[in-house]
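Enquirer: Following this line is protein-v9.tsv, made up of TSV, C-alpha atoms and all ligand atoms:
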```tsv
chain	number	residue	atom	x	y	z
A	24	MET	CA	23.45	-19.73	-29.23
A	25	THR	CA	22.75	-17.13	-26.53
A	26	THR	CA	19.19	-16.99	-25.26
A	27	VAL	CA	17.35	-14.39	-23.22
A	28	PHE	CA	17.37	-16.89	-20.33
A	29	ASP	CA	21.17	-16.79	-20.12
A	30	SER	CA	22.85	-14.65	-17.49
A	31	VAL	CA	24.82	-11.55	-18.37
A	32	VAL	CA	27.15	-9.14	-16.61
A	33	LEU	CA	25.84	-5.57	-16.73
A	34	GLY	CA	28.00	-2.99	-14.99
A	35	ARG	CA	28.57	-4.23	-11.43
A	36	ASN	CA	25.78	-6.80	-11.56
A	37	THR	CA	25.39	-10.31	-12.87
A	38	LEU	CA	21.83	-10.60	-14.08
A	39	PRO	CA	20.13	-14.02	-14.12
A	40	ASN	CA	18.56	-13.39	-17.55
A	41	ARG	CA	18.62	-10.90	-20.43
A	42	LEU	CA	15.04	-9.70	-20.16
A	43	VAL	CA	14.54	-6.08	-19.13
A	44	MET	CA	11.45	-4.26	-17.93
A	45	ALA	CA	11.33	-1.11	-20.08
A	46	PRO	CA	10.82	2.18	-18.22
A	47	MET	CA	7.14	3.02	-17.82
A	48	THR	CA	5.61	6.12	-16.28
A	49	ARG	CA	2.63	5.13	-14.12
A	50	SER	CA	1.77	8.54	-12.56
A	51	ARG	CA	0.98	7.22	-9.11
A	52	ALA	CA	3.54	9.12	-7.04
A	53	GLN	CA	2.57	11.41	-4.17
A	54	GLN	CA	2.16	15.13	-4.90
A	55	ASP	CA	5.71	15.85	-3.68
A	56	GLY	CA	7.19	13.25	-6.03
A	57	THR	CA	7.73	10.53	-3.44
A	58	PRO	CA	6.97	7.12	-4.99
A	59	GLY	CA	3.47	5.95	-4.05
A	60	ASP	CA	2.82	3.33	-1.36
A	61	LEU	CA	2.28	0.57	-3.93
A	62	ALA	CA	5.42	1.24	-5.98
A	63	ALA	CA	7.55	-1.21	-3.97
A	64	THR	CA	4.96	-3.96	-4.44
A	65	TYR	CA	4.61	-3.23	-8.16
A	66	TYR	CA	8.35	-3.40	-8.87
A	67	ALA	CA	9.01	-6.34	-6.54
A	68	GLN	CA	6.30	-8.32	-8.34
A	69	ARG	CA	8.32	-7.88	-11.54
A	70	ALA	CA	11.78	-8.59	-10.05
A	71	GLY	CA	12.12	-11.83	-12.03
A	72	VAL	CA	13.38	-9.91	-15.07
A	73	GLY	CA	17.17	-9.51	-15.20
A	74	LEU	CA	16.86	-5.72	-14.94
A	75	ILE	CA	14.05	-3.33	-14.09
A	76	VAL	CA	14.34	0.17	-15.49
A	77	SER	CA	12.08	2.38	-13.39
A	78	GLU	CA	9.51	4.84	-14.64
A	79	GLY	CA	10.90	8.21	-15.73
A	80	THR	CA	11.91	10.11	-12.58
A	81	GLN	CA	12.63	13.84	-12.51
A	82	PRO	CA	16.07	14.98	-11.34
A	83	SER	CA	14.75	18.43	-10.30
A	84	ASP	CA	11.55	20.49	-9.99
A	85	ASP	CA	12.07	21.72	-13.55
A	86	GLY	CA	12.44	18.16	-14.84
A	87	GLN	CA	8.80	17.25	-14.20
A	88	GLY	CA	6.32	17.26	-17.07
A	89	TYR	CA	3.41	15.00	-16.25
A	90	LEU	CA	1.11	14.69	-13.26
A	91	THR	CA	2.30	12.77	-10.18
A	92	THR	CA	5.57	11.43	-11.55
A	93	PRO	CA	8.27	10.60	-8.99
A	94	GLY	CA	11.43	12.59	-8.31
A	95	ILE	CA	14.81	11.61	-6.93
A	96	TYR	CA	16.32	14.70	-5.33
A	97	THR	CA	14.72	15.25	-1.88
A	98	ASP	CA	15.16	13.21	1.30
A	99	ALA	CA	11.55	12.04	1.02
A	100	HIS	CA	12.18	10.83	-2.55
A	101	VAL	CA	15.26	8.91	-1.41
A	102	ALA	CA	13.35	7.27	1.45
A	103	GLY	CA	10.51	6.33	-0.91
A	104	TRP	CA	12.84	4.83	-3.53
A	105	LYS	CA	14.76	2.97	-0.79
A	106	ARG	CA	11.57	1.05	-0.05
A	107	VAL	CA	11.36	0.15	-3.75
A	108	THR	CA	14.99	-0.91	-4.19
A	109	ASP	CA	14.95	-2.93	-0.94
A	110	ALA	CA	11.82	-4.78	-2.09
A	111	VAL	CA	13.33	-5.52	-5.51
A	112	HIS	CA	16.64	-6.67	-4.04
A	113	ALA	CA	14.85	-8.89	-1.51
A	114	LYS	CA	13.41	-10.74	-4.51
A	115	GLY	CA	16.87	-11.06	-6.12
A	116	GLY	CA	16.15	-8.36	-8.70
A	117	HIS	CA	18.09	-5.36	-10.02
A	118	ILE	CA	16.84	-1.85	-10.70
A	119	PHE	CA	18.16	1.23	-12.48
A	120	ILE	CA	16.25	4.46	-11.91
A	121	GLN	CA	15.50	6.31	-15.14
A	122	LEU	CA	16.39	10.01	-14.87
A	123	MET	CA	13.89	11.84	-17.02
A	124	HIS	CA	13.94	15.59	-17.60
A	125	ALA	CA	10.84	16.37	-19.62
A	126	GLY	CA	12.14	19.73	-20.89
A	127	ARG	CA	9.41	21.44	-22.92
A	128	MET	CA	7.07	18.41	-22.57
A	129	SER	CA	5.72	19.92	-19.38
A	130	HIS	CA	2.52	21.67	-18.31
A	131	PRO	CA	2.54	24.31	-15.53
A	132	ASP	CA	-0.61	22.74	-14.03
A	133	ASN	CA	1.34	19.53	-13.38
A	134	THR	CA	4.39	20.89	-11.58
A	135	LEU	CA	5.00	22.12	-8.05
A	136	HIS	CA	6.25	25.52	-9.25
A	137	HIS	CA	3.65	26.00	-12.05
A	138	ARG	CA	6.18	27.51	-14.46
A	139	PRO	CA	6.35	26.60	-18.16
A	140	GLY	CA	8.94	23.94	-18.98
A	141	VAL	CA	12.52	24.69	-19.96
A	142	ALA	CA	14.07	23.75	-23.31
A	143	PRO	CA	16.99	24.45	-25.64
A	144	SER	CA	14.86	27.09	-27.42
A	145	ALA	CA	11.54	28.86	-26.82
A	146	ILE	CA	9.60	26.63	-29.22
A	147	ALA	CA	6.40	24.89	-28.10
A	148	PRO	CA	6.06	21.21	-29.01
A	149	GLY	CA	2.70	21.87	-30.66
A	150	THR	CA	0.79	19.29	-28.69
A	151	GLY	CA	-1.40	18.94	-25.62
A	152	MET	CA	-0.81	17.28	-22.28
A	153	PHE	CA	-3.08	15.65	-19.72
A	154	THR	CA	-3.60	17.78	-16.59
A	155	ALA	CA	-5.93	17.47	-13.58
A	156	GLN	CA	-8.44	19.53	-15.65
A	157	GLY	CA	-8.07	17.38	-18.75
A	158	MET	CA	-6.04	17.96	-21.92
A	159	LYS	CA	-4.44	21.39	-22.29
A	160	ASP	CA	-2.05	22.89	-24.85
A	161	ILE	CA	1.57	22.92	-23.75
A	162	PRO	CA	2.80	26.55	-23.54
A	163	VAL	CA	6.00	27.93	-25.05
A	164	PRO	CA	8.93	26.85	-22.85
A	165	GLN	CA	11.63	29.07	-21.45
A	166	ALA	CA	14.96	28.77	-23.31
A	167	LEU	CA	17.76	27.63	-21.00
A	168	SER	CA	20.58	30.12	-20.43
A	169	LEU	CA	24.16	28.80	-20.45
A	170	GLU	CA	24.17	29.02	-16.65
A	171	ALA	CA	20.89	27.08	-16.51
A	172	ILE	CA	22.33	24.36	-18.75
A	173	GLU	CA	25.31	24.05	-16.42
A	174	GLN	CA	22.93	23.81	-13.45
A	175	THR	CA	20.82	21.17	-15.22
A	176	VAL	CA	23.89	18.99	-15.75
A	177	LYS	CA	24.61	19.36	-12.03
A	178	ASP	CA	20.99	18.50	-11.21
A	179	PHE	CA	21.31	15.24	-13.18
A	180	ALA	CA	24.51	14.31	-11.33
A	181	PHE	CA	22.97	15.19	-7.96
A	182	ALA	CA	19.92	13.05	-8.72
A	183	ALA	CA	22.18	10.17	-9.75
A	184	ARG	CA	23.98	10.36	-6.42
A	185	ARG	CA	20.66	10.37	-4.62
A	186	ALA	CA	19.51	7.34	-6.64
A	187	ILE	CA	22.56	5.42	-5.46
A	188	GLU	CA	21.87	6.61	-1.91
A	189	ALA	CA	18.37	5.16	-2.37
A	190	GLY	CA	19.89	1.79	-3.21
A	191	ALA	CA	19.50	1.81	-7.01
A	192	ASP	CA	21.94	-0.38	-8.94
A	193	GLY	CA	22.44	2.49	-11.37
A	194	VAL	CA	20.69	5.17	-13.40
A	195	GLU	CA	19.51	5.31	-16.99
A	196	ILE	CA	19.60	8.79	-18.53
A	197	HIS	CA	16.44	9.35	-20.57
A	198	GLY	CA	17.79	10.56	-23.88
A	199	ALA	CA	14.77	9.35	-25.87
A	200	ASN	CA	11.11	10.06	-26.67
A	201	ALA	CA	11.22	13.80	-27.34
A	202	TYR	CA	12.22	14.89	-23.81
A	203	LEU	CA	14.93	17.42	-22.90
A	204	ILE	CA	18.00	15.56	-24.14
A	205	GLN	CA	16.41	14.68	-27.49
A	206	GLN	CA	15.13	18.27	-27.76
A	207	PHE	CA	18.78	19.30	-27.92
A	208	PHE	CA	19.38	16.79	-30.76
A	209	ALA	CA	16.56	18.07	-32.99
A	210	PRO	CA	16.94	21.28	-35.06
A	211	SER	CA	13.14	21.60	-34.88
A	212	ALA	CA	13.43	22.14	-31.09
A	213	ASN	CA	16.95	23.56	-30.89
A	214	THR	CA	17.76	26.74	-32.83
A	215	ARG	CA	20.57	27.84	-30.50
A	216	THR	CA	23.57	29.57	-31.98
A	217	ASP	CA	25.92	28.90	-29.04
A	218	ALA	CA	27.93	25.78	-28.15
A	219	TYR	CA	24.72	23.72	-27.71
A	220	GLY	CA	23.13	24.28	-31.13
A	221	GLY	CA	23.97	24.03	-34.82
A	222	SER	CA	26.52	21.32	-35.50
A	223	ILE	CA	26.15	17.67	-34.54
A	224	GLU	CA	28.93	18.13	-31.97
A	225	ASN	CA	27.05	21.02	-30.41
A	226	ARG	CA	23.63	19.34	-30.35
A	227	THR	CA	25.06	16.25	-28.62
A	228	ARG	CA	27.11	18.29	-26.14
A	229	PHE	CA	24.43	18.41	-23.44
A	230	ALA	CA	23.80	14.63	-23.52
A	231	LEU	CA	27.53	13.92	-23.28
A	232	GLU	CA	28.03	16.42	-20.46
A	233	VAL	CA	25.21	14.78	-18.50
A	234	ALA	CA	26.63	11.30	-19.09
A	235	LYS	CA	30.16	12.36	-18.11
A	236	ALA	CA	29.03	14.21	-14.98
A	237	ILE	CA	27.00	11.23	-13.77
A	238	ALA	CA	29.72	8.70	-14.61
A	239	GLU	CA	32.27	10.76	-12.68
A	240	ASP	CA	30.01	10.89	-9.65
A	241	ILE	CA	28.61	7.36	-9.39
A	242	GLY	CA	30.86	5.37	-11.74
A	243	ALA	CA	30.49	4.67	-15.45
A	244	ASP	CA	29.46	1.09	-14.67
A	245	ARG	CA	26.35	2.42	-12.92
A	246	THR	CA	25.51	4.94	-15.67
A	247	ALA	CA	23.46	4.15	-18.79
A	248	ILE	CA	21.50	6.02	-21.46
A	249	ARG	CA	18.35	5.43	-23.50
A	250	LEU	CA	18.08	6.73	-27.07
A	251	SER	CA	15.33	6.65	-29.69
A	252	PRO	CA	16.99	7.67	-32.96
A	253	GLY	CA	14.51	9.11	-35.45
A	254	THR	CA	11.63	9.87	-33.08
A	255	THR	CA	9.12	12.09	-34.88
A	256	MET	CA	6.55	12.73	-32.18
A	257	TRP	CA	5.78	15.99	-30.37
A	258	GLY	CA	7.49	18.30	-32.84
A	259	ILE	CA	10.80	16.42	-32.91
A	260	ASP	CA	12.53	16.34	-36.30
A	261	GLU	CA	16.19	15.42	-36.24
A	262	GLY	CA	16.52	16.23	-39.93
A	263	PRO	CA	18.67	14.55	-42.58
A	264	GLU	CA	21.70	14.63	-40.27
A	265	GLY	CA	19.86	12.59	-37.61
A	266	PRO	CA	21.56	9.24	-38.25
A	267	ASP	CA	25.01	10.89	-38.33
A	268	LEU	CA	24.24	12.66	-35.07
A	269	TYR	CA	23.66	9.27	-33.43
A	270	ARG	CA	26.82	7.80	-34.99
A	271	HIS	CA	28.82	10.65	-33.48
A	272	LEU	CA	27.01	10.43	-30.14
A	273	VAL	CA	27.48	6.67	-29.77
A	274	LYS	CA	31.14	6.94	-30.76
A	275	GLU	CA	31.64	9.50	-27.98
A	276	LEU	CA	29.57	7.51	-25.48
A	277	ASP	CA	31.74	4.49	-26.23
A	278	LYS	CA	34.73	6.33	-24.75
A	279	LEU	CA	32.88	6.58	-21.42
A	280	ASN	CA	32.43	2.81	-20.81
A	281	LEU	CA	28.88	3.15	-19.55
A	282	ALA	CA	26.95	0.13	-18.23
A	283	TYR	CA	24.76	0.02	-21.35
A	284	VAL	CA	23.10	1.87	-24.17
A	285	HIS	CA	19.35	1.22	-24.46
A	286	VAL	CA	17.87	1.75	-27.91
A	287	MET	CA	14.13	2.24	-28.29
A	288	HIS	CA	14.11	1.30	-31.94
A	289	GLN	CA	12.23	3.52	-34.38
A	290	GLY	CA	12.88	1.43	-37.48
A	291	ASN	CA	16.18	2.53	-39.03
A	292	GLU	CA	17.85	-0.90	-39.31
A	293	PRO	CA	21.14	0.23	-40.93
A	294	LEU	CA	21.60	2.82	-38.17
A	295	LEU	CA	20.86	0.19	-35.53
A	296	ALA	CA	23.52	-2.07	-37.07
A	297	ASP	CA	25.97	0.87	-37.03
A	298	ILE	CA	25.19	1.59	-33.38
A	299	ARG	CA	25.88	-2.04	-32.56
A	300	LYS	CA	29.30	-1.70	-34.23
A	301	LEU	CA	30.18	1.70	-32.75
A	302	TRP	CA	29.17	0.78	-29.20
A	303	SER	CA	31.46	-1.83	-27.69
A	304	GLY	CA	29.49	-2.20	-24.43
A	305	LYS	CA	26.20	-3.90	-23.63
A	306	LEU	CA	23.25	-3.00	-25.84
A	307	ILE	CA	19.64	-3.26	-24.67
A	308	LEU	CA	17.11	-3.24	-27.52
A	309	ASN	CA	13.43	-2.38	-27.23
A	310	ARG	CA	11.32	-2.88	-30.35
A	311	PRO	CA	7.91	-1.37	-29.64
A	312	GLY	CA	5.07	-3.80	-30.20
A	313	ARG	CA	7.38	-6.77	-30.70
A	314	PRO	CA	5.24	-9.91	-31.07
A	315	ARG	CA	5.78	-12.62	-28.52
A	316	ASP	CA	7.14	-15.14	-31.03
A	317	GLN	CA	10.00	-12.75	-31.82
A	318	ILE	CA	11.17	-12.46	-28.21
A	319	GLY	CA	14.76	-13.63	-28.02
A	320	ALA	CA	15.52	-13.17	-31.73
A	321	ASP	CA	17.77	-10.12	-31.28
A	322	VAL	CA	19.82	-11.74	-28.52
A	323	ALA	CA	20.07	-14.94	-30.57
A	324	SER	CA	21.27	-13.06	-33.67
A	325	GLY	CA	23.80	-11.08	-31.62
A	326	LEU	CA	22.25	-7.72	-32.52
A	327	ALA	CA	21.49	-7.06	-28.84
A	328	ASP	CA	22.79	-8.28	-25.48
A	329	LEU	CA	19.46	-7.81	-23.72
A	330	GLU	CA	15.88	-7.20	-24.84
A	331	ALA	CA	13.47	-4.80	-23.13
A	332	TYR	CA	9.70	-5.17	-22.99
A	333	GLY	CA	7.17	-2.67	-21.72
A	334	VAL	CA	3.47	-3.45	-21.68
A	335	MET	CA	3.95	-7.23	-21.55
A	336	VAL	CA	5.88	-6.87	-18.29
A	337	LEU	CA	3.40	-4.26	-17.03
A	338	ALA	CA	0.59	-6.81	-17.44
A	339	ASN	CA	2.54	-9.92	-16.43
A	340	PRO	CA	4.37	-9.80	-13.10
A	341	ASP	CA	5.67	-13.32	-13.85
A	342	PHE	CA	6.69	-12.44	-17.43
A	343	VAL	CA	9.87	-14.56	-17.37
A	344	GLN	CA	8.16	-17.72	-16.07
A	345	ARG	CA	5.37	-17.32	-18.62
A	346	LEU	CA	7.93	-17.10	-21.42
A	347	GLU	CA	9.87	-20.08	-20.12
A	348	THR	CA	6.78	-22.24	-19.82
A	349	HIS	CA	5.09	-20.97	-23.01
A	350	ALA	CA	2.12	-19.89	-20.92
A	351	PRO	CA	-0.44	-17.33	-22.14
A	352	MET	CA	0.08	-13.67	-21.19
A	353	ASN	CA	-2.38	-11.31	-19.48
A	354	GLU	CA	-3.54	-8.46	-21.73
A	355	PRO	CA	-2.56	-4.92	-20.67
A	356	HIS	CA	-5.39	-2.52	-19.73
A	357	ARG	CA	-4.61	0.92	-21.12
A	358	GLU	CA	-7.11	2.63	-18.84
A	359	GLY	CA	-4.82	1.80	-15.92
A	360	PHE	CA	-1.53	2.91	-17.51
A	361	PHE	CA	-1.41	6.41	-16.00
A	362	GLY	CA	-2.69	7.24	-12.53
A	363	GLY	CA	-5.26	5.52	-10.37
A	364	THR	CA	-5.18	2.89	-7.67
A	365	ASP	CA	-3.96	-0.69	-7.43
A	366	LYS	CA	-6.33	-1.57	-10.28
A	367	PHE	CA	-4.33	-2.58	-13.36
A	368	TYR	CA	-1.18	-1.72	-11.36
A	369	THR	CA	-0.46	-4.33	-8.69
A	370	ASP	CA	-3.46	-6.59	-9.34
A	371	TYR	CA	-2.39	-8.32	-12.58
A	372	PRO	CA	-2.51	-12.02	-11.69
A	373	THR	CA	0.38	-14.46	-11.85
A	374	LEU	CA	-0.21	-17.67	-13.75
A	375	PRO	CA	-1.17	-19.74	-10.68
A	376	GLU	CA	-3.56	-16.96	-9.63
A	377	THR	CA	-5.13	-16.97	-13.11
A	378	GLN	CA	-5.60	-20.70	-12.85
A	379	GLY	CA	-7.18	-20.33	-9.43
A	380	ALA	CA	-4.42	-22.22	-7.67
A	401	LIG	C1	2.45	3.34	-19.78
A	401	LIG	C2	3.76	3.63	-20.47
A	401	LIG	C3	4.65	4.53	-19.90
A	401	LIG	C4	5.90	4.75	-20.49
A	401	LIG	N1	6.79	5.59	-19.87
A	401	LIG	C5	8.07	5.67	-20.32
A	401	LIG	C6	9.06	6.34	-19.55
A	401	LIG	O1	8.81	6.87	-18.45
A	401	LIG	N2	10.32	6.37	-20.06
A	401	LIG	C7	10.65	5.79	-21.26
A	401	LIG	O2	11.81	5.84	-21.69
A	401	LIG	N3	9.72	5.13	-22.00
A	401	LIG	C8	8.46	5.03	-21.54
A	401	LIG	N4	7.55	4.28	-22.23
A	401	LIG	C9	7.96	3.52	-23.43
A	401	LIG	C10	8.33	2.08	-23.05
A	401	LIG	O3	9.53	2.04	-22.29
A	401	LIG	C11	8.52	1.19	-24.29
A	401	LIG	O4	9.55	1.73	-25.07
A	401	LIG	C12	7.25	1.09	-25.12
A	401	LIG	O5	6.16	0.70	-24.31
A	401	LIG	C13	7.38	0.11	-26.30
A	401	LIG	O6	7.74	-1.18	-25.85
A	401	LIG	P1	6.64	-2.35	-25.68
A	401	LIG	O7	5.90	-2.50	-26.98
A	401	LIG	O8	7.43	-3.57	-25.31
A	401	LIG	O9	5.70	-1.91	-24.59
A	401	LIG	C14	6.26	4.08	-21.69
A	401	LIG	C15	5.34	3.20	-22.26
A	401	LIG	C16	4.12	2.96	-21.66
A	401	LIG	C17	3.17	1.95	-22.28
```
Have the structure of the file written as structure tokens, please.
Ligand SMILES: Cc1cc2nc3c(=O)[nH]c(=O)nc-3n(C[C@H](O)[C@H](O)[C@H](O)COP(=O)(O)O)c2cc1C

Expert:
Amino acid sequence: MTTVFDSVVLGRNTLPNRLVMAPMTRSRAQQDGTPGDLAATYYAQRAGVGLIVSEGTQPSDDGQGYLTTPGIYTDAHVAGWKRVTDAVHAKGGHIFIQLMHAGRMSHPDNTLHHRPGVAPSAIAPGTGMFTAQGMKDIPVPQALSLEAIEQTVKDFAFAARRAIEAGADGVEIHGANAYLIQQFFAPSANTRTDAYGGSIENRTRFALEVAKAIAEDIGADRTAIRLSPGTTMWGIDEGPEGPDLYRHLVKELDKLNLAYVHVMHQGNEPLLADIRKLWSGKLILNRPGRPRDQIGADVASGLADLEAYGVMVLANPDFVQRLETHAPMNEPHREGFFGGTDKFYTDYPTLPETQGA
């Protein structure tokens, strides 16, 4: 039986175990999007997992949504991420940078250019967002022109090249959680009548173009994608065709031989089983809120090749050792999730530190 402590080949890398740190925005970058001074320490502390997926990182000015998230397109960004990847590699770890374009999930107060976000259609998500002045309604985004879509695909590929230049082992395209790529999937956010709206083929076109462009530039074995089929938050409704859209998408992704598909599971078990069948590469599965005693079950059953965990890894730099030794876990502190200092960022104790050793 395969366990999460067994090694696995993922793209160009052989990982020592099948435990993955799920991508987590921490909003501690500098104003220009350069990773903060403590980012290298934070990720290196967690390098014991087989793979780290970084916090969502914008591929362009327009890709930013939240306050002080990092980017990966300027020289300063590359230098900042190089410090992170070097620190992770020095500890024997592996890191993919998650390329996150927030699309309409963006507030002008949070971005360098202060424009509304961009999206498939000019439809607001109907929710608020945290800004430096507190919660504010997200304005109606600007609909992307065909030329702007083409440029956005290029921006993703450029950012992927820069991530490799910064020493990342690969990139994970953020196709989940109601951000730009999933906005294209959902008829509630995409009412286009051109080649990017309407049919399943059209609504998945942008995601596939991004994946192909990145794979061509940095290699399919360093390109991955995260999906969250059935997400219902922030005005996303994929409609009755949703599951079929993902079947089509995964079938097409399978032709590209990417390093992995990462599913943030929303509960549709039959669809998950279909994805497992349609995708012949490595599958990373994240089940939000998974209890500790279930860790390893999806790798053991063969449903997934790797399992991703978020808040447990955030709060436990030595997550893998704690699992192996059946040690208790630190509790995550939500008040430190987004923004702030080293508190509840790099100061979660390891087991020996907890025990005062
Ligand atoms: C603080 C925080 C930030 C997150 N940021 C991202 C992100 O940038 N990209 C992403 O794909 N998911 C993000 N997520 C979702 C996590 O990757 C993960 O799917 C979620 O926490 C559920 O898994 P868990 O119960 O193991 O934590 C975030 C979650 C948390 C708690």

Enquirer: Could you check how far atom C16 of ligand LIG 401 (chain A) sits from atom CA of Ser251 of chain A, in Å to one decimal?

Expert: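 These two atoms are separated by 14.3 Å.
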
Enquirer: So which residues are near ligand LIG 401 (chain A), meaning at most 9 Å away with only C-alpha atoms and all ligand atoms counted, given back as a PyMOL selection string?

Expert: chain A and resi 44-50+76-80+92+121-123+196-200+249-251+286-288+309-314+331-337+357+359-361

Enquirer: Kindly export the residues of the current selection with C-alpha atoms, as a PDB file, in the frame of the given file.

Expert:
```pdb
ATOM      1  CA  MET A  44      11.450  -4.260 -17.930  1.00  0.00           C
ATOM      2  CA  ALA A  45      11.330  -1.110 -20.080  1.00  0.00           C
ATOM      3  CA  PRO A  46      10.820   2.180 -18.220  1.00  0.00           C
ATOM      4  CA  MET A  47       7.140   3.020 -17.820  1.00  0.00           C
ATOM      5  CA  THR A  48       5.610   6.120 -16.280  1.00  0.00           C
ATOM      6  CA  ARG A  49       2.630   5.130 -14.120  1.00  0.00           C
ATOM      7  CA  SER A  50       1.770   8.540 -12.560  1.00  0.00           C
ATOM      8  CA  VAL A  76      14.340   0.170 -15.490  1.00  0.00           C
ATOM      9  CA  SER A  77      12.080   2.380 -13.390  1.00  0.00           C
ATOM     10  CA  GLU A  78       9.510   4.840 -14.640  1.00  0.00           C
ATOM     11  CA  GLY A  79      10.900   8.210 -15.730  1.00  0.00           C
ATOM     12  CA  THR A  80      11.910  10.110 -12.580  1.00  0.00           C
ATOM     13  CA  THR A  92       5.570  11.430 -11.550  1.00  0.00           C
ATOM     14  CA  GLN A 121      15.500   6.310 -15.140  1.00  0.00           C
ATOM     15  CA  LEU A 122      16.390  10.010 -14.870  1.00  0.00           C
ATOM     16  CA  MET A 123      13.890  11.840 -17.020  1.00  0.00           C
ATOM     17  CA  ILE A 196      19.600   8.790 -18.530  1.00  0.00           C
ATOM     18  CA  HIS A 197      16.440   9.350 -20.570  1.00  0.00           C
ATOM     19  CA  GLY A 198      17.790  10.560 -23.880  1.00  0.00           C
ATOM     20  CA  ALA A 199      14.770   9.350 -25.870  1.00  0.00           C
ATOM     21  CA  ASN A 200      11.110  10.060 -26.670  1.00  0.00           C
ATOM     22  CA  ARG A 249      18.350   5.430 -23.500  1.00  0.00           C
ATOM     23  CA  LEU A 250      18.080   6.730 -27.070  1.00  0.00           C
ATOM     24  CA  SER A 251      15.330   6.650 -29.690  1.00  0.00           C
ATOM     25  CA  VAL A 286      17.870   1.750 -27.910  1.00  0.00           C
ATOM     26  CA  MET A 287      14.130   2.240 -28.290  1.00  0.00           C
ATOM     27  CA  HIS A 288      14.110   1.300 -31.940  1.00  0.00           C
ATOM     28  CA  ASN A 309      13.430  -2.380 -27.230  1.00  0.00           C
ATOM     29  CA  ARG A 310      11.320  -2.880 -30.350  1.00  0.00           C
ATOM     30  CA  PRO A 311       7.910  -1.370 -29.640  1.00  0.00           C
ATOM     31  CA  GLY A 312       5.070  -3.800 -30.200  1.00  0.00           C
ATOM     32  CA  ARG A 313       7.380  -6.770 -30.700  1.00  0.00           C
ATOM     33  CA  PRO A 314       5.240  -9.910 -31.070  1.00  0.00           C
ATOM     34  CA  ALA A 331      13.470  -4.800 -23.130  1.00  0.00           C
ATOM     35  CA  TYR A 332       9.700  -5.170 -22.990  1.00  0.00           C
ATOM     36  CA  GLY A 333       7.170  -2.670 -21.720  1.00  0.00           C
ATOM     37  CA  VAL A 334       3.470  -3.450 -21.680  1.00  0.00           C
ATOM     38  CA  MET A 335       3.950  -7.230 -21.550  1.00  0.00           C
ATOM     39  CA  VAL A 336       5.880  -6.870 -18.290  1.00  0.00           C
ATOM     40  CA  LEU A 337       3.400  -4.260 -17.030  1.00  0.00           C
ATOM     41  CA  ARG A 357      -4.610   0.920 -21.120  1.00  0.00           C
ATOM     42  CA  GLY A 359      -4.820   1.800 -15.920  1.00  0.00           C
ATOM     43  CA  PHE A 360      -1.530   2.910 -17.510  1.00  0.00           C
ATOM     44  CA  PHE A 361      -1.410   6.410 -16.000  1.00  0.00           C
TER      45      PHE A 361
END
```

Enquirer: Just checking: using only C-alpha atoms, which residue out of A:Pro266, A:Glu188, A:Glu275, A:Glu170 ends up closest to Glu292 of chain A?

Expert: A:Pro266

Enquirer: What's the separation between atom CA of Tyr219 of chain A and atom CA of Thr134 of chain A, in Å to one decimal place?

Expert: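 Between atom CA of Tyr219 of chain A and atom CA of Thr134 of chain A the gap works out to 26.1 Å.
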
Enquirer: Of the residues A:Thr91, A:Gln68, A:Asn133, A:Gln53, which is the one nearest to Gly103 of chain A, using only C-alpha atoms?

Expert: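 Distance minimum relative to Gly103 of chain A lands on A:Gln53.
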
Enquirer: Which is closest to Thr364 of chain A among A:Ser30, A:Arg345, A:Leu61, A:Gly265, if we use all atoms listed in the file?

Expert: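 For Thr364 of chain A, the nearest of the given residues is A:Leu61.
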
Enquirer: Go through A:Gly88, A:Ala183, A:Leu326, A:Gly140 and flag the residue nearest Met152 of chain A, using all atoms listed in the file for the distances.

Expert: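 Nearest candidate to Met152 of chain A out of A:Gly88, A:Ala183, A:Leu326, A:Gly140: A:Gly88.
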
Enquirer: Using only C-alpha atoms, give me every residue within 12 Å of (19.6, 3.6, -42.3) in file coordinates, as a PyMOL selection string.

Expert: chain A and resi 252-253+263-267+269-270+288-298

Enquirer: Pick out the residues sitting within 8 Å of Met256 of chain A, and hand them over as a PyMOL selection string; count only C-alpha atoms, and ignore anything fewer than 2 positions along from it in its own chain.

Expert: chain A and resi 200-201+254+258-259

Enquirer: Pick the closest to Thr214 of chain A from A:Pro143, A:Gly94, A:Gly242, A:Pro58: which is it, counting all atoms listed in the file?

Expert: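 Once distances to Thr214 of chain A are computed over all atoms listed in the file, the minimum belongs to A:Pro143.
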
Enquirer: Nearest to Pro39 of chain A: which of A:Val343, A:Leu279, A:Ala218, A:Ala212 is it, counting only C-alpha atoms?

Expert: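 Of A:Val343, A:Leu279, A:Ala218, A:Ala212, the one nearest Pro39 of chain A, counting only C-alpha atoms, is A:Val343.
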
Enquirer: (23.7, 1.8, -25.6) in this file's frame - what residues fall within 8 Å of it? Use only C-alpha atoms and give the answer as a PyMOL selection string.

Expert: chain A and resi 247-250+273+283-286+298+302+304-307

Enquirer: If we count only C-alpha atoms, what is near segment 227-233 of chain A at a cut-off of 6 Å, once residues fewer than 2 positions away on the same chain are taken out, given as number ranges by chain?

Expert: A: 176, 204, 224-225, 235-236

Enquirer: Between atom CA of Arg69 of chain A and atom CA of Ala182 of chain A, what is the distance, to one decimal in Å?

Expert: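 Interatomic distance here is 24.1 Å.
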